[in-house]
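**Q** Structure provided below as structure tokens; questions to follow.
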Amino acid sequence: MPASRRTPPKRSLRSDASPLTVPRYLFASDAESLATEAGAGLAECRQHLEAILAHGGPRTIDNLLVPYDRLLSALSELQGQSKFLFDVHPDAAVRATADKWYQESERFATDLALNRPLYDAFVDLDVSKEDPDTKYAVRKILRDFRLAGVDRDVATRDRIKELRDEMTAIGQEFDRTIREDERSIQVDDATALAGLPDDFVKAHPPGPDGKITITTQYPDIIPVFRYARDPEVRRRLQWEHLNRGHPANLGTLSRLMATRHELARILGYESFADYIVQDKMIGSAKGIGDFLAKVRAASEERAKEDSAILIDRKRKDTPGAASLHAWDTNFYSELVRAENFDFDAKLLRPYFAFTNVLEGLFEITRELFGVRYERVSGVPVWHPSVDVYDVFDADERIGRFYLDLHPRKDKYSHAAASILVRGIAASALPQAALMCNFPDPKEGPALMEYLEVETLFHEFGHLLHAMFMGHGRWIKNTDDGIEWDFIEAPSQMLEEWIRDPATLRRFAHHHETGEPVPAEFVAKLRRADAVSRALDVQRQLVLGTLSFEYYHGDPTGIDTTKTLEAVFRRFPLVPFHPGTHFQCNFGHLNAYSAIYYTYMWSLVIAKDLFSKFQEGDTILDPKVARRYRETILTPGSRKPASELIEDFLGRPLSFDAFENWLNREGR
Ligand SMILES: [Zn+2]
């Protein structure tokens with residue numbers, strides 16, 4: 001397949017049609033050299049722009065789209081890598097410099113989007129004789145100019161710029177406050193850890209004062225919320241977790257909402273929610289409300305049953321209990337899994353040693369997509385724990401990725417994939433990185449939770465998408481132009497492979513005995529996986545509704561805590577933790593604003609896409625996977641997502657597979 005895309009390799013065993021560039025900002029040795037490099041990079045972007053604008057005479061692809069695409073590519077490297085360094089670099093001075101240059105690059109991007117002469121040049125460009133990829137790229141470029149407000153008067157454009165700058169700065173502040181507010185609780189002794197797995201207890205020895213510290217980092221909170229028998233321990237840790245960023249982020253969030261609202265109004269939209277959906281699959285703010293209502297209707301009855309089962313079980317511990325606390329849901333879901341379905345997720349942990357899981361992920365994706373990964377040594381990395389791999393398709397290198405997978409101080413505390421170099425046919429190979437917080441094999445067997453295994457597969461799905469799509473002609477047709485409410489679908493779909501017993505048994509081997517995970521464990525896992533599923537969907541609806549509410553309507557005078565409480569009241573099956581301020585640490589309120597619904601929306605797509613893999617004898621059929629790679633992953637955003645979906649499915653998107661999963665699968 002790739003042969004048609006590129007010139008054939010030369011004589012050597014492997015040869016890259018596109019060069020593998022060094023991500024130029026990533027390996028600056030200190031803050032000063034980063035500042036120098038970033039300054040030079042941004043100056044080059046300005047020169048590109050001046051050269052484009054200086055051109056007289058009729059506009060052509062060669063004198064407009066080609067240099068503009070180069071400019072976007074250079075700018076996206078600065079934006080992507082400075083954002084990434086801000087999230088992961090161990091040196092605070094480098095992080096601060098990266099933050100500054102990220103903001104500078106965003107400011108330049110805002111100016112660019114509002115550059116009237118540039119827009120006019122694109123309006124004059126005749127693309128009627130160009131190929132569909134080029135036509136679509138130019139259509140998106142024009143749309144984005146208009147969404148930015150380029151066709152407004154000078155004074156309005158100036159105000160838009162100010163608001164964009166403020167939005168970036170406030171958003172960074174919001175994120176930084178969350179990241180730096182790592183909290184912890186102390187418990188008196190190991191009896192408070194009753195119910196937790198042995199390896200967790202061993203990893204949390206008492207300090208000099210005899211007390212044990214538990215932090216709000218994921219490797220601590222996931223097991224504690226699920227297994228700690230003492231409700232007081234769960235309650236205290238959850239209280240800290242849900243109060244990260246409070247009170248500082250109350251004001252920050254209000255400023256973010258106000259700034260975005262003003263921007264939307266200037267651009268002629270009712271609210272920021274109405275504005276932000278203009279380039280999404282869903283198309284309108286009303287569409288978000290309708291979609292959330294549809295999912296709610298599909299999940300409500302089942303969620304009531306889920307909740308009743310958990311309350312029943314709680315009554316055995318607390319006679320007369322009539323409801324769940326926020327810190328009960330995970331714990332009792334896990335207990336019901338253990339008792340009603342004879343399933344205990346802890347029993348899986350010994351089969352999920354980090355190193356095995358990563359190798360399994362590599363093997364499965366190699367087989368599915370016909371690629372291989374080669375470890376690269378000797379390249380500089382921002383932290384010694386980072387591993388580097390090249391991706392090959394036959395003898396051709398198609399991209400490079402970096403894995404930064406274990407927690408350390410001051411690092412981004414969630415899991416995410418970042419594109420460092422977008423990749424363009426004949427000029428640069430795509431490069432991407434994962435930043436996650438999984439147990440570290442340098443500190444023991446590094447046993448993962450099932451949920452963490454799922455996260456690793458998910459993030460790797462983003463990474464593969466980047467590797468496959470980064471070979472088109474225009475950067476506008478890579479992830480830069482993908483509808484946000486589609487972008488999670490490929491990674492959500494990749495999670496499906498760990499739900500398949502045959503696939504799981506290939507890599508889930510006991511870290512001591514090497515025995516594959518027993519088949520009955522996996523069968524139980526599938527049934528247990530359905531426990532509280534509809535209740536989880538309701539929780540996702542709370543998050544989707546919150547993100548929508550905060551940005552839909554005029555935020556003047558809004559008390560975000562009251563909104564938070566009101567949204568929880570609308571979903572009575574999802575308990576609220578009184579006195580907590582989730583809006584202060586709900587990081588998506590910055591990056592996703594009104595569109596948290598996208599996770600559920602793309603899950604609907606992922607379930608539908610996966611149904612094609614389920615039609616055959618095995619979900620590991622490389623023929624289906626290759627077709628998926630060709631129709632969905634490789635095209636990037638060369639077509640609207642709805643068309644890519646139809647190309648693969650042979651029919652339009654359907655809600656059926658999602659509903660089947662919600663109400664039937666595993667039950
Ligand atoms: Zn994702």
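Identifiers for the structure tokens are assigned positionally: chains receive A, B, ... in sequence, residues are indexed from 1 per chain, and ligands are indexed from 1 in the order shown.
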Could the residues that lie within 7 Å of ligand 1, counting only C-alpha atoms and all ligand atoms, be listed as JSON, numbers by chain?
**A** {"A": [416, 458, 459, 462, 488, 491]}
**Q** Could you dump the residues just selected with C-alpha atoms as a CSV table (one decimal), in the first residue's frame?
**A**
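Heads up, here's the output in selection36.csv:
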chain,number,residue,atom,x,y,z
A,416,ALA,CA,-2.0,11.7,26.7
A,458,HIS,CA,-6.0,3.8,24.1
A,459,GLU,CA,-3.1,6.3,24.0
A,462,HIS,CA,-3.6,8.0,19.1
A,488,GLU,CA,-11.0,9.6,20.0
A,491,SER,CA,-8.0,5.0,20.2
**Q** Per residue of stretch 263-337 of chain A within 9 Å of stretch 590-607 of chain A, what are the shortest atom pair and its distance in Å to one decimal, counting only C-alpha atoms, with rows by chain and residue number, as a tab-separated table?
**A**
residue	atom	partner	partner_atom	distance
A:Phe272	CA	A:Ala594	CA	7.4
A:Ala273	CA	A:Ala594	CA	5.3
A:Asp274	CA	A:Ala594	CA	9.0
A:Ile276	CA	A:Ala594	CA	7.4
A:Val277	CA	A:Ile595	CA	7.8
A:Ile282	CA	A:Trp601	CA	8.7
A:Ala285	CA	A:Ala594	CA	8.9
A:Ile288	CA	A:Tyr597	CA	7.0
A:Phe291	CA	A:Trp601	CA	7.9
A:Leu292	CA	A:Tyr597	CA	7.3
A:Val295	CA	A:Met600	CA	8.5
**Q** Could you find all residues in stretch 184-425 of chain A that DSSP calls helix (DSSP H, G or I) from the backbone, and write them as an NGL selection string?
**A** :A and (190-193 or 198-202 or 218-227 or 231-241 or 248-266 or 272-279 or 285-317 or 329-340 or 345-351 or 354-369)
**Q** From stretch 378-503 of chain A, collect each residue whose DSSP state is strand (DSSP E) and return the set as a list in words.
**A**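 The strand (DSSP E) subset of stretch 378-503 of chain A is Asp387, Val388, Tyr389, Asp390, Val391, Phe392, Asp393, Glu396, Arg397, Ile398, Gly399, Arg400, Phe401, Tyr402, Leu403, Asp404, Ala416, Ala417, Ser418, Ile419, Leu420, Val421, Gln431, Ala432, Ala433, Leu434 and Met435 of chain A.
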**Q** Using only C-alpha atoms, which of the listed residues (A:Ala28, A:Leu71, A:Ala415, A:Pro516) sits closest to A:His48?
**A**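 Looking at the shortest contact to A:His48, the residue is A:Leu71.
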**Q** Go through stretch 56-128 of chain A and flag each residue having an atom no more than 6 Å from stretch 142-165 of chain A; for those, report the closest pair of atoms plus their distance in Å to one decimal, using only C-alpha atoms, ordered by chain and rising number, as a Markdown table.
**A**
| residue | atom | partner | partner_atom | distance |
| --- | --- | --- | --- | --- |
| A:Ala113 | CA | A:Phe145 | CA | 5.5 |
| A:Leu114 | CA | A:Val150 | CA | 4.4 |
| A:Arg116 | CA | A:Val150 | CA | 5.8 |
**Q** Can you write just those residues out, N, CA and C atoms, as a tab-separated table (two decimals), in the first residue's frame?
**A**
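Listed below is the output, again.tsv:
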chain	number	residue	atom	x	y	z
A	113	ALA	N	-4.30	33.61	11.87
A	113	ALA	CA	-5.69	33.28	11.55
A	113	ALA	C	-6.50	34.53	11.25
A	114	LEU	N	-6.00	35.69	11.70
A	114	LEU	CA	-6.72	36.95	11.50
A	114	LEU	C	-6.06	37.83	10.45
A	116	ARG	N	-5.79	39.41	7.28
A	116	ARG	CA	-6.73	39.66	6.19
A	116	ARG	C	-6.12	39.50	4.78
**Q** Need the shell around A:Asp328: protein/DNA/RNA residues with any atom at most 8 Å away, counting only C-alpha atoms. Skip same-chain ones fewer than 3 positions apart. Format as JSON, numbers by chain?
**A** {"A": [225, 231, 324, 325, 331, 332]}
